[in-house]
Every structure is written in C-alpha cells, then in structure tokens.
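For reference, the structure discussed in these notes is given below.
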Amino acid sequence: MFKTILKQTKGYRLASILSPLLILVEVYMEVQLPFVMAEMVDGGVKGGAGLEFVVKEGLKMVLMALIALASGAGAARFAAKAGMGFGANMRSAVFARIQDFSFANIDKFSTPSLITRMTTDVNTVQMAYTMIVRIVVRSPLMLVMAFFYAHRLNSALSKVFVIAAPVLLLLLGSMAIFALPKFKTLMKKVDGINSSVQETLISMRVIKAFVRAKHEKEKFRISNDELRDASIAAEKLLILANPFMQLTVYSCIIAIFWFGGNLVVESKMTYSDLAAFITYVNQILMSLMMISMIFAMAVMSRASLTRVAEAIREVPEINDDGADPELKVANGDIDMENVCFKYKKNGKKNVIDNINLHIKSGETIGIIGGTGSAKTTLVQMIPRLYDVTEGVVKVGGRPVGDYTLKNLRDSVAMVLQVNLLFSGTIEENLRWGKADATREEIENACKIAQAHDFVMSFPDGYETNLGQGGVNLSGGQKQRLCIARALLKSPKVIILDDSTSAVDTATDAKIREGFKMNHSDVTKIIVAQRISSVQHADRIIVLDDGKINAVGSHEELLGTNEIYTEVYKSQQEGSVA
C-alpha cells in the first residue's frame, strides 16, 4: 500500500527532501538559543566578561533567530508544495484508474464511494503528508535535540522525561489500536451520505413531481445522524489523548520546578541553567503535544490511505492484455459462440445463457424481450463493456479480446439507454464522436438522426450551451443527439439500446430510413420495447430470461412465436385504444 502511495510523490520529491533539511537547520538553531543565552548570562552578567561579550553573544542569538525564521518559512513553503502536489497526483491517479474500470469494477466500489475517495480521503491523506514532511520530522528532532541539551545542562534532572516518555507511548499506541476501526466505519458513513446527496440531486425533478421532499429529508437525516454518531465514536478516543497528555506534561513541569528549584537552592545548578532547562522543557513538551496531534492525524489518515490505495491498485477486469495494438476491426460481422455471462463469478445463475448468434456485416438486427430478459447485457458484451464468463464474442471475425479497447470501441458505436450529454455546446458534445469532424459531417450526422432541424431552431444553433446532462433538452432531443454523436464515429457496428423510446413513431421511421440510405454497410443492432422499431429489421431476436427464444423476420415470428405475437397484439391494441 505504501509503495503505491509513494509513487504519487513523483515531481515533488525534491520539495519533500528540502523541507526536512531546512527543519533540521531551524531546530538546531532553536535548541542552541537557550544554551547561548545561559552562557551569556553566566559569563557576561555574572562572570564579569563585560559588555562586549554580552553584545557579541546577543548578536549571535539574533543571527540564530533569523536563520531559524528563514529556515522555518522555507520549510513551510516546500512542505505545502509537496503536500499539494502529492494530493494532486493522488487525485489524478485515482481518476485515471477509474477511466480504465469496467462496469464490474465500478459496481464493486459504487459511484459515491469513488467520489469520497477522490475528495475527502485524498484531502485527509494530503494533510497527513504535509504534516509528515514538516511536523513529523520537526517534532521528534526537536524532542531528541532538546533532550540532549537538557541532559547536557543537568543529567539528573533530565531523567524526569525518561519516566514520562514510555507512559505517553503506551497511551498513544493503545488508542491507535482502538481508533482505527472506528475511522474505517466513519468513512463508510461518508460514502452513505454522499450516496444520499447524489441520488437526491439527480432525482430532484422526480422528488418534486411526487412530492417526496419530506421523505428524502428523513432519509438524509438518518444518514446524517449515522455520520455524526460515527464521527463522535471515532473522535472521542482521540479526544481522550489530550487530557492524558496534559496530565503527563504538567506532571513533568511540576517535577522539574521542584527538583530544579532545590538544586538552585543547594547551589548545584545556576538560575540561568534552570531557565535554559525550562526552555528545553517547553520545547520537549511542545514536541510531545505535536506528536500527539500527528498521531491523531495518522490514525485518521490510515483509513483514508487504505481506501485511496485500494482504488489505485484495483485491477480493471477488462484490459488490453494479449491484444494486438495494430489489429483493426475489418467489418461488422458479429459472432457469439456458446456465450454465458454472470455479473459475479460466484453467482449461481447465468444472466446470459448459451447464446449462439451469427450476424453478417451490414445486417439490421432487432432485439426484443421483456424487462429483465438481458437485452442490454447481451449487446454490452460486443464492445466489451462486460466480458463473457464463458464462450467467445467475435467482431470482424476475431475475438473481441484480440483488439485493444480503443480500436474495438472506435469501431463499435453504442447509444446507451441513459442518454447522457455533457456541459458545453451541442457541437462540443457531438465531437465526442469525432474530435476533428467538420461542420458538414456534424450536420449530416444530425440530419440522419433527425436532430438538425431542432438544433437550428435554437438561436445559437450548434453553439447552443447545454446544461449539465442536457437538462434543457427533451428526452427525444437528447436521444437524437446521442445517435448523431455515435454516427460521427463512422463505426462498423452501431448499437441502439432502446435509444428511440422517447421519439415519436414517425421520427423513429425517418431515423431507420436514414440508416438504410446512408449506412447500408454498417451492422445495426436495435434493442427496443416497441415492435414498430424493429419490425423492418432483417432478423429479430426474441430474448427470454437470458436465452434466445426465437430468431426470424417480423412475418415469421408473428406466425410462430408466442412471446412476439403477444407483445405485437398488446401494442396494436394499445395504439388502437
């Protein structure tokens, strides 16, 4: 895990090294100051060395203070740079890894959890790293050096710390053992509240339409209360560390004043040495306080560190291993041989069961079936959004695993059920299909998808800015733009996954006609609920519970297949009514 995280320091390792080095200079100067002060008082004031000695030592102290100040400022700057850079690298690493995730990987983590890992968890680890680069070096160093000089002043009196240190170490170690599991639970609760907020914001229109605001408020209150309780449970263990730390610290101070005062009275120690010793005591105790703060941050960040590392180290289930980077998809032939699929490898039942299918390049294939018949899952295996559990899927005569994901998906365009558009102009969204597309290519694709007319009805035409997710467009308009975006890829295979469900039947027919006239060589797979969307296909596949129930033309299935006939009659009756 730590090896994975340390890779993210690349580009900021020099700053990570310079900060501790400057801290070394700062600490050395700070611990020297009390010693020089004691010598100045003893030699210059009491020893009679004279004003010249006092001025010389005073200037020496001023110079040391200025060096300490400059070193501290430089260390803080380099620590901040290292910490911010480290955080930026981690966010980039997690985001880059997510881009390689298959649907199965995303299902494993969940979207809210990935958001939490990239925000809350990364910020926590980033703060911890900044502290490591600066305070984690400074506090132990100050503790050791201050103790060394305190021991040098009076070895007997410094034994007070030898007794206190094991007590503090035992206390902090015990709390770490009990606090870490509670912080892991806390981060899961953060995932939960992020999930609640995300779902509510995405579904705001539905919530308002069904007047469910009160219900959603209650759901959020429960998640919020669970997060509060988990936070209290985690933090209260760390809060207990402070009073115990204070008790130990002030016990040390009392012991030093008592024993040190007696040594001064007995003339075994000078007042200036005692004053310097007390300064070292303050430095030691401040270091201990900072160590306790570091400990608290370390416990908190350990849980976050584990979660971030999990995301970075996650191996995408679908990758380019074994693929030929030079291999391109030759044509739109599709073959499925004994294909089976489960969402989970240890699942008991196949979602797709023993599918054998052969589609010739340029064919138009319709897929129809009831809800849950695995229509979408079947077509998602063609561009390898999911990988088969058993069997093989071939495109262009070669197994899909032989192609790199980029080469395969550039040749297989898919319009998903959820018609997602991004913030930006209509043209910017369409260029997802082809970044260097000309305006003529864009307009031709939109004309085939029956989108050009409504786009030009906007005052800014293709420069019209869309809201997030295309909220200022109707469902049918979004579907048509998504189809145009897919057409711009000039694919060998285009899959329309129920992507004309929000389009009227006349427009649907025009889109199909546009495909026939302009893309006769492209394999077209149309997943639909409406028979009118697939009845003109060369062949129609009827799926039932993940199995092929029948294959044939519209006329053939009407006379031979009970499922198809039943769906057709119900839709015909509905249209007549």
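In the structure tokens, each chain is lettered A, B, ... as it comes, each chain's residues begin at 1, and ligands are numbered from 1 in order of appearance.
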Inset, instruction - Give the strand (DSSP E or B) residues of segment 313-489 of chain A, as assigned by DSSP on the backbone, as a ChimeraX atom specification. - result: /A:324,334-341,352-359,364-369,390-395,398-399,403,412-415,424-425,465-466
All residues 10 Å or closer to segment 254-258 of chain A, only C-alpha atoms, same chain fewer than 5 positions away omitted, as a tab-separated table (two decimals) with C-alpha atoms, in the first residue's frame:
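The file below, around02.tsv, is the result:
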chain	number	residue	atom	x	y	z
A	157	LEU	CA	17.01	16.44	36.15
A	158	SER	CA	16.50	15.13	32.59
A	159	LYS	CA	15.57	11.69	33.97
A	160	VAL	CA	12.06	13.02	34.53
A	161	PHE	CA	11.43	12.62	30.77
A	249	VAL	CA	3.16	17.26	30.62
A	263	LEU	CA	19.24	22.19	43.03
A	274	LEU	CA	17.47	26.27	35.22
A	277	PHE	CA	16.44	23.89	31.15
A	278	ILE	CA	12.84	25.13	31.45
A	281	VAL	CA	11.28	21.54	28.82
Inset, instruction - Considering only C-alpha atoms, return as a PyMOL selection string whatever protein or nucleic-acid residues lie within 12 Å of Met118 of chain A, sequence-local ones (same chain, fewer than 2 positions apart) excluded. - result: chain A and resi 87-98+111-116+120-126+191+304-305+307-312
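Here the residues within segment 502-546 of chain A that DSSP labels alpha helix (DSSP H) on the basis of the backbone are A:Thr505, A:Ala506, A:Thr507, A:Asp508, A:Ala509, A:Lys510, A:Ile511, A:Arg512, A:Glu513, A:Gly514, A:Phe515, A:Lys516, A:Met517, A:Asn518.
The interatomic distance for the pair atom CA of Phe109 of chain A and atom CA of Met300 of chain A works out to 20.7 Å.
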Legend entry - All residues 8 Å or closer to segment 471-486 of chain A, only C-alpha atoms, same chain fewer than 3 positions away omitted, as JSON, numbers by chain: {"A": [413, 414, 415, 419, 420, 421, 429, 430, 431, 432, 433, 434, 442, 445, 446, 448, 449, 450, 451, 454, 466, 467, 468, 489, 490, 491, 494, 496, 499, 500, 501, 502, 503]}
Let me see the file: selected residues, C-alpha atoms, as a tab-separated table (two decimals), in the first residue's frame.
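Generated output (out15.tsv):
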chain	number	residue	atom	x	y	z
A	413	ALA	CA	-20.64	2.78	-31.51
A	414	MET	CA	-23.21	2.35	-28.78
A	415	VAL	CA	-26.08	4.61	-27.81
A	419	ASN	CA	-28.81	9.43	-23.00
A	420	LEU	CA	-26.07	11.42	-21.33
A	421	LEU	CA	-24.82	14.75	-22.63
A	429	ASN	CA	-20.90	17.14	-27.34
A	430	LEU	CA	-21.13	15.84	-30.91
A	431	ARG	CA	-17.35	15.98	-31.29
A	432	TRP	CA	-17.07	13.20	-28.73
A	433	GLY	CA	-17.82	11.01	-31.74
A	434	LYS	CA	-15.08	12.58	-33.85
A	442	ILE	CA	-21.71	17.12	-37.96
A	445	ALA	CA	-24.98	13.04	-38.86
A	446	CYS	CA	-27.64	15.22	-37.23
A	448	ILE	CA	-29.72	11.28	-40.35
A	449	ALA	CA	-30.56	11.30	-36.63
A	450	GLN	CA	-33.36	13.83	-37.27
A	451	ALA	CA	-31.68	16.35	-34.96
A	454	PHE	CA	-34.45	21.28	-33.84
A	466	LEU	CA	-26.37	22.70	-22.77
A	467	GLY	CA	-26.90	22.46	-19.05
A	468	GLN	CA	-25.35	19.62	-17.08
A	489	LYS	CA	-17.53	7.72	-35.28
A	490	SER	CA	-18.15	6.09	-38.68
A	491	PRO	CA	-18.44	2.72	-36.93
A	494	ILE	CA	-23.84	0.66	-34.23
A	496	LEU	CA	-29.09	1.46	-30.39
A	499	SER	CA	-32.46	4.83	-27.85
A	500	THR	CA	-35.59	5.92	-29.72
A	501	SER	CA	-38.05	5.24	-26.91
A	502	ALA	CA	-38.71	8.97	-26.40
A	503	VAL	CA	-39.06	9.64	-30.14
Inset, instruction - Considering only C-alpha atoms, return as a ChimeraX atom specification whatever protein or nucleic-acid residues lie within 9 Å of segment 517-528 of chain A, sequence-local ones (same chain, fewer than 3 positions apart) excluded. - result: /A:331-334,359-369,375-376,379,448,490-501,512-514,531-534,537
Deliver the residues from the most recent selection as a file, using N, CA and C atoms, as a JSON list (two decimals), in the first residue's frame.
[["chain", "number", "residue", "atom", "x", "y", "z"],
["A", 331, "ASN", "N", -14.65, -5.53, -40.44],
["A", 331, "ASN", "CA", -16.03, -5.33, -40.89],
["A", 331, "ASN", "C", -16.99, -5.51, -39.71],
["A", 332, "GLY", "N", -18.27, -5.48, -39.97],
["A", 332, "GLY", "CA", -19.26, -5.53, -38.91],
["A", 332, "GLY", "C", -19.81, -6.91, -38.61],
["A", 333, "ASP", "N", -19.10, -7.98, -39.04],
["A", 333, "ASP", "CA", -19.54, -9.34, -38.68],
["A", 333, "ASP", "C", -19.49, -9.51, -37.16],
["A", 334, "ILE", "N", -20.52, -10.14, -36.61],
["A", 334, "ILE", "CA", -20.57, -10.42, -35.17],
["A", 334, "ILE", "C", -20.92, -11.89, -34.98],
["A", 359, "ILE", "N", -24.14, -12.75, -37.05],
["A", 359, "ILE", "CA", -24.68, -11.57, -37.73],
["A", 359, "ILE", "C", -23.69, -11.15, -38.81],
["A", 360, "LYS", "N", -24.19, -10.97, -40.03],
["A", 360, "LYS", "CA", -23.34, -10.56, -41.15],
["A", 360, "LYS", "C", -23.21, -9.03, -41.18],
["A", 361, "SER", "N", -22.08, -8.59, -41.66],
["A", 361, "SER", "CA", -21.83, -7.15, -41.76],
["A", 361, "SER", "C", -22.90, -6.49, -42.62],
["A", 362, "GLY", "N", -23.46, -5.40, -42.14],
["A", 362, "GLY", "CA", -24.49, -4.66, -42.87],
["A", 362, "GLY", "C", -25.90, -5.07, -42.52],
["A", 363, "GLU", "N", -26.08, -6.15, -41.79],
["A", 363, "GLU", "CA", -27.42, -6.57, -41.39],
["A", 363, "GLU", "C", -28.01, -5.62, -40.36],
["A", 364, "THR", "N", -29.33, -5.57, -40.36],
["A", 364, "THR", "CA", -30.06, -4.85, -39.31],
["A", 364, "THR", "C", -30.75, -5.89, -38.44],
["A", 365, "ILE", "N", -30.37, -5.90, -37.18],
["A", 365, "ILE", "CA", -30.87, -6.90, -36.24],
["A", 365, "ILE", "C", -31.69, -6.20, -35.15],
["A", 366, "GLY", "N", -32.88, -6.69, -34.92],
["A", 366, "GLY", "CA", -33.70, -6.20, -33.81],
["A", 366, "GLY", "C", -33.63, -7.17, -32.64],
["A", 367, "ILE", "N", -33.63, -6.63, -31.44],
["A", 367, "ILE", "CA", -33.66, -7.48, -30.24],
["A", 367, "ILE", "C", -34.82, -7.01, -29.38],
["A", 368, "ILE", "N", -35.68, -7.94, -29.03],
["A", 368, "ILE", "CA", -36.86, -7.60, -28.24],
["A", 368, "ILE", "C", -37.05, -8.65, -27.15],
["A", 369, "GLY", "N", -37.67, -8.27, -26.09],
["A", 369, "GLY", "CA", -37.89, -9.18, -24.98],
["A", 369, "GLY", "C", -38.42, -8.41, -23.79],
["A", 375, "LYS", "N", -31.42, -8.03, -22.52],
["A", 375, "LYS", "CA", -31.16, -7.45, -23.85],
["A", 375, "LYS", "C", -29.93, -6.54, -23.80],
["A", 376, "THR", "N", -29.92, -5.63, -22.84],
["A", 376, "THR", "CA", -28.81, -4.67, -22.73],
["A", 376, "THR", "C", -27.51, -5.37, -22.42],
["A", 379, "VAL", "N", -25.88, -6.97, -25.61],
["A", 379, "VAL", "CA", -25.21, -6.08, -26.57],
["A", 379, "VAL", "C", -23.99, -5.39, -25.95],
["A", 448, "ILE", "N", -29.33, 12.70, -40.38],
["A", 448, "ILE", "CA", -29.72, 11.28, -40.35],
["A", 448, "ILE", "C", -30.45, 10.96, -39.04],
["A", 490, "SER", "N", -18.24, 6.94, -37.48],
["A", 490, "SER", "CA", -18.15, 6.09, -38.68],
["A", 490, "SER", "C", -17.86, 4.65, -38.29],
["A", 491, "PRO", "N", -18.72, 4.06, -37.47],
["A", 491, "PRO", "CA", -18.44, 2.72, -36.93],
["A", 491, "PRO", "C", -18.73, 1.60, -37.92],
["A", 492, "LYS", "N", -18.20, 0.43, -37.60],
["A", 492, "LYS", "CA", -18.54, -0.78, -38.35],
["A", 492, "LYS", "C", -19.84, -1.39, -37.80],
["A", 493, "VAL", "N", -20.09, -1.15, -36.50],
["A", 493, "VAL", "CA", -21.28, -1.65, -35.82],
["A", 493, "VAL", "C", -21.87, -0.51, -35.01],
["A", 494, "ILE", "N", -23.18, -0.32, -35.09],
["A", 494, "ILE", "CA", -23.84, 0.66, -34.23],
["A", 494, "ILE", "C", -24.95, -0.05, -33.46],
["A", 495, "ILE", "N", -24.96, 0.18, -32.15],
["A", 495, "ILE", "CA", -25.94, -0.46, -31.27],
["A", 495, "ILE", "C", -26.83, 0.64, -30.69],
["A", 496, "LEU", "N", -28.12, 0.51, -30.93],
["A", 496, "LEU", "CA", -29.09, 1.46, -30.39],
["A", 496, "LEU", "C", -29.87, 0.74, -29.29],
["A", 497, "ASP", "N", -29.51, 1.04, -28.06],
["A", 497, "ASP", "CA", -30.11, 0.34, -26.92],
["A", 497, "ASP", "C", -31.33, 1.12, -26.42],
["A", 498, "ASP", "N", -32.47, 0.80, -27.01],
["A", 498, "ASP", "CA", -33.73, 1.46, -26.65],
["A", 498, "ASP", "C", -33.57, 2.98, -26.74],
["A", 499, "SER", "N", -32.84, 3.42, -27.76],
["A", 499, "SER", "CA", -32.46, 4.83, -27.85],
["A", 499, "SER", "C", -33.42, 5.67, -28.69],
["A", 500, "THR", "N", -34.56, 5.11, -29.07],
["A", 500, "THR", "CA", -35.59, 5.92, -29.72],
["A", 500, "THR", "C", -36.92, 5.82, -28.97],
["A", 501, "SER", "N", -36.82, 5.43, -27.70],
["A", 501, "SER", "CA", -38.05, 5.24, -26.91],
["A", 501, "SER", "C", -38.80, 6.54, -26.67],
["A", 512, "ARG", "N", -34.61, 5.30, -39.05],
["A", 512, "ARG", "CA", -34.31, 3.98, -39.64],
["A", 512, "ARG", "C", -34.06, 4.11, -41.14],
["A", 513, "GLU", "N", -34.85, 4.96, -41.80],
["A", 513, "GLU", "CA", -34.67, 5.17, -43.24],
["A", 513, "GLU", "C", -33.32, 5.82, -43.53],
["A", 514, "GLY", "N", -32.93, 6.76, -42.65],
["A", 514, "GLY", "CA", -31.63, 7.42, -42.80],
["A", 514, "GLY", "C", -30.48, 6.43, -42.67],
["A", 531, "ILE", "N", -42.31, -2.89, -31.05],
["A", 531, "ILE", "CA", -42.10, -3.74, -32.23],
["A", 531, "ILE", "C", -41.97, -2.89, -33.48],
["A", 532, "SER", "N", -42.61, -1.72, -33.52],
["A", 532, "SER", "CA", -42.51, -0.85, -34.69],
["A", 532, "SER", "C", -41.07, -0.42, -34.95],
["A", 533, "SER", "N", -40.23, -0.42, -33.90],
["A", 533, "SER", "CA", -38.83, -0.02, -34.07],
["A", 533, "SER", "C", -37.97, -1.12, -34.68],
["A", 534, "VAL", "N", -38.45, -2.37, -34.62],
["A", 534, "VAL", "CA", -37.61, -3.48, -35.11],
["A", 534, "VAL", "C", -38.28, -4.31, -36.21],
["A", 537, "ALA", "N", -36.46, -4.89, -39.45],
["A", 537, "ALA", "CA", -35.11, -5.44, -39.37],
["A", 537, "ALA", "C", -35.00, -6.71, -40.22]]
I'd like the neighbourhood of segment 343-358 of chain A as a PDB file with N, CA and C atoms, in the first residue's frame, where a residue qualifies if any of its atoms comes within 8 Å (using only C-alpha atoms), though same-chain residues fewer than 2 positions away should be ignored.
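To be explicit, this is the file written out as out-v8.pdb:
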ATOM      1  N   ALA A 104     -18.009  -3.673 -14.096  1.00  0.00           N
ATOM      2  CA  ALA A 104     -17.934  -4.534 -12.904  1.00  0.00           C
ATOM      3  C   ALA A 104     -17.108  -3.873 -11.806  1.00  0.00           C
ATOM      4  N   ASP A 333     -19.102  -7.984 -39.037  1.00  0.00           N
ATOM      5  CA  ASP A 333     -19.537  -9.339 -38.679  1.00  0.00           C
ATOM      6  C   ASP A 333     -19.493  -9.512 -37.162  1.00  0.00           C
ATOM      7  N   ILE A 334     -20.518 -10.143 -36.612  1.00  0.00           N
ATOM      8  CA  ILE A 334     -20.571 -10.418 -35.171  1.00  0.00           C
ATOM      9  C   ILE A 334     -20.920 -11.890 -34.980  1.00  0.00           C
ATOM     10  N   ASP A 335     -20.138 -12.566 -34.145  1.00  0.00           N
ATOM     11  CA  ASP A 335     -20.397 -13.972 -33.843  1.00  0.00           C
ATOM     12  C   ASP A 335     -20.354 -14.169 -32.342  1.00  0.00           C
ATOM     13  N   MET A 336     -21.368 -14.837 -31.830  1.00  0.00           N
ATOM     14  CA  MET A 336     -21.388 -15.227 -30.419  1.00  0.00           C
ATOM     15  C   MET A 336     -21.485 -16.740 -30.367  1.00  0.00           C
ATOM     16  N   GLU A 337     -20.505 -17.342 -29.720  1.00  0.00           N
ATOM     17  CA  GLU A 337     -20.433 -18.798 -29.677  1.00  0.00           C
ATOM     18  C   GLU A 337     -20.475 -19.290 -28.233  1.00  0.00           C
ATOM     19  N   ASN A 338     -21.577 -19.964 -27.893  1.00  0.00           N
ATOM     20  CA  ASN A 338     -21.770 -20.544 -26.551  1.00  0.00           C
ATOM     21  C   ASN A 338     -21.516 -19.511 -25.435  1.00  0.00           C
ATOM     22  N   VAL A 339     -22.040 -18.329 -25.623  1.00  0.00           N
ATOM     23  CA  VAL A 339     -21.785 -17.225 -24.690  1.00  0.00           C
ATOM     24  C   VAL A 339     -22.656 -17.345 -23.443  1.00  0.00           C
ATOM     25  N   CYS A 340     -21.991 -17.288 -22.289  1.00  0.00           N
ATOM     26  CA  CYS A 340     -22.674 -17.243 -20.989  1.00  0.00           C
ATOM     27  C   CYS A 340     -22.089 -16.075 -20.196  1.00  0.00           C
ATOM     28  N   PHE A 341     -22.898 -15.525 -19.314  1.00  0.00           N
ATOM     29  CA  PHE A 341     -22.416 -14.375 -18.543  1.00  0.00           C
ATOM     30  C   PHE A 341     -23.080 -14.337 -17.167  1.00  0.00           C
ATOM     31  N   LYS A 360     -24.192 -10.971 -40.028  1.00  0.00           N
ATOM     32  CA  LYS A 360     -23.343 -10.562 -41.146  1.00  0.00           C
ATOM     33  C   LYS A 360     -23.209  -9.034 -41.181  1.00  0.00           C
ATOM     34  N   ALA A 374     -32.319  -9.513 -20.335  1.00  0.00           N
ATOM     35  CA  ALA A 374     -30.869  -9.356 -20.558  1.00  0.00           C
ATOM     36  C   ALA A 374     -30.533  -8.834 -21.949  1.00  0.00           C
ATOM     37  N   THR A 377     -27.558  -6.318 -21.502  1.00  0.00           N
ATOM     38  CA  THR A 377     -26.341  -7.053 -21.132  1.00  0.00           C
ATOM     39  C   THR A 377     -25.745  -7.758 -22.337  1.00  0.00           C
ATOM     40  N   LEU A 378     -26.593  -8.319 -23.174  1.00  0.00           N
ATOM     41  CA  LEU A 378     -26.115  -9.053 -24.354  1.00  0.00           C
ATOM     42  C   LEU A 378     -25.332  -8.131 -25.286  1.00  0.00           C
ATOM     43  N   THR A 389     -18.455 -14.673 -19.421  1.00  0.00           N
ATOM     44  CA  THR A 389     -17.981 -15.626 -18.415  1.00  0.00           C
ATOM     45  C   THR A 389     -17.510 -16.908 -19.089  1.00  0.00           C
ATOM     46  N   ASP A 545     -35.452 -14.445 -20.541  1.00  0.00           N
ATOM     47  CA  ASP A 545     -34.663 -14.879 -19.394  1.00  0.00           C
ATOM     48  C   ASP A 545     -33.218 -15.225 -19.774  1.00  0.00           C
ATOM     49  N   GLY A 546     -32.616 -14.371 -20.607  1.00  0.00           N
ATOM     50  CA  GLY A 546     -31.219 -14.543 -20.967  1.00  0.00           C
ATOM     51  C   GLY A 546     -30.950 -15.584 -22.026  1.00  0.00           C
ATOM     52  N   LYS A 547     -31.996 -16.130 -22.631  1.00  0.00           N
ATOM     53  CA  LYS A 547     -31.831 -17.144 -23.679  1.00  0.00           C
ATOM     54  C   LYS A 547     -32.537 -16.685 -24.947  1.00  0.00           C
ATOM     55  N   ILE A 548     -32.029 -17.161 -26.077  1.00  0.00           N
ATOM     56  CA  ILE A 548     -32.707 -16.856 -27.344  1.00  0.00           C
ATOM     57  C   ILE A 548     -33.929 -17.751 -27.458  1.00  0.00           C
TER      58      ILE A 548
END
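A straight line drawn from atom CA of Ala70 of chain A to atom CA of Met297 of chain A is 26.8 Å long.
Across A:Val31, A:Ala79, A:Ile5, A:Val25, the tightest approach to Ile67 of chain A is made by A:Val25 when counting only C-alpha atoms.
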Inset, instruction - Excluding Met29 of chain A and residues on its chain fewer than 5 positions from it, collect all residues at most 8 Å away from it, counting only C-alpha atoms, and give them as an MDAnalysis selection string. - result: chainID A and resid 64:65 67:68
Please report as a Markdown table every residue of segment 235-290 of chain A lying within 9 Å of segment 137-153 of chain A, along with the nearest atom pair and their distance in Å (one decimal), using only C-alpha atoms.
| residue | atom | partner | partner_atom | distance |
| --- | --- | --- | --- | --- |
| A:Met269 | CA | A:Leu153 | CA | 8.8 |
| A:Asp273 | CA | A:Leu153 | CA | 6.6 |
| A:Leu274 | CA | A:Leu153 | CA | 8.4 |
| A:Ala276 | CA | A:Ala150 | CA | 8.1 |
| A:Phe277 | CA | A:Ala150 | CA | 5.6 |
| A:Ile278 | CA | A:Ala150 | CA | 8.7 |
| A:Thr279 | CA | A:Ala146 | CA | 8.9 |
| A:Tyr280 | CA | A:Ala146 | CA | 5.4 |
| A:Val281 | CA | A:Ala146 | CA | 7.7 |
| A:Gln283 | CA | A:Ala146 | CA | 6.6 |
| A:Ile284 | CA | A:Leu143 | CA | 4.9 |
| A:Leu285 | CA | A:Leu143 | CA | 8.0 |
| A:Met286 | CA | A:Ser139 | CA | 8.0 |
| A:Ser287 | CA | A:Ser139 | CA | 4.6 |
| A:Leu288 | CA | A:Ser139 | CA | 7.2 |
| A:Met289 | CA | A:Ser139 | CA | 8.8 |
| A:Met290 | CA | A:Ser139 | CA | 6.4 |
Output C-alpha atoms for every residue in that selection, as a short mmCIF file (atom, residue, chain, number, x, y, z; two decimals), in the first residue's frame.
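Now in part-v7.cif:
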data_model
loop_
_atom_site.label_atom_id
_atom_site.label_comp_id
_atom_site.auth_asym_id
_atom_site.auth_seq_id
_atom_site.Cartn_x
_atom_site.Cartn_y
_atom_site.Cartn_z
CA MET A 269 22.64 24.42 39.49
CA ASP A 273 20.89 26.92 33.67
CA LEU A 274 17.47 26.27 35.22
CA ALA A 276 17.54 27.32 29.92
CA PHE A 277 16.44 23.89 31.15
CA ILE A 278 12.84 25.13 31.45
CA THR A 279 13.05 26.44 27.86
CA TYR A 280 14.13 22.98 26.77
CA VAL A 281 11.28 21.54 28.82
CA GLN A 283 10.39 22.60 23.59
CA ILE A 284 10.19 18.95 24.62
CA LEU A 285 6.60 19.27 25.81
CA MET A 286 5.54 21.16 22.68
CA SER A 287 7.13 18.39 20.63
CA LEU A 288 5.16 15.81 22.60
CA MET A 289 1.95 17.78 22.01
CA MET A 290 2.69 17.93 18.29
#
Legend entry - Separation of atom CA of Ile294 of chain A from atom CA of Asp229 of chain A, in Å and rounded to one decimal: 23.5 Å
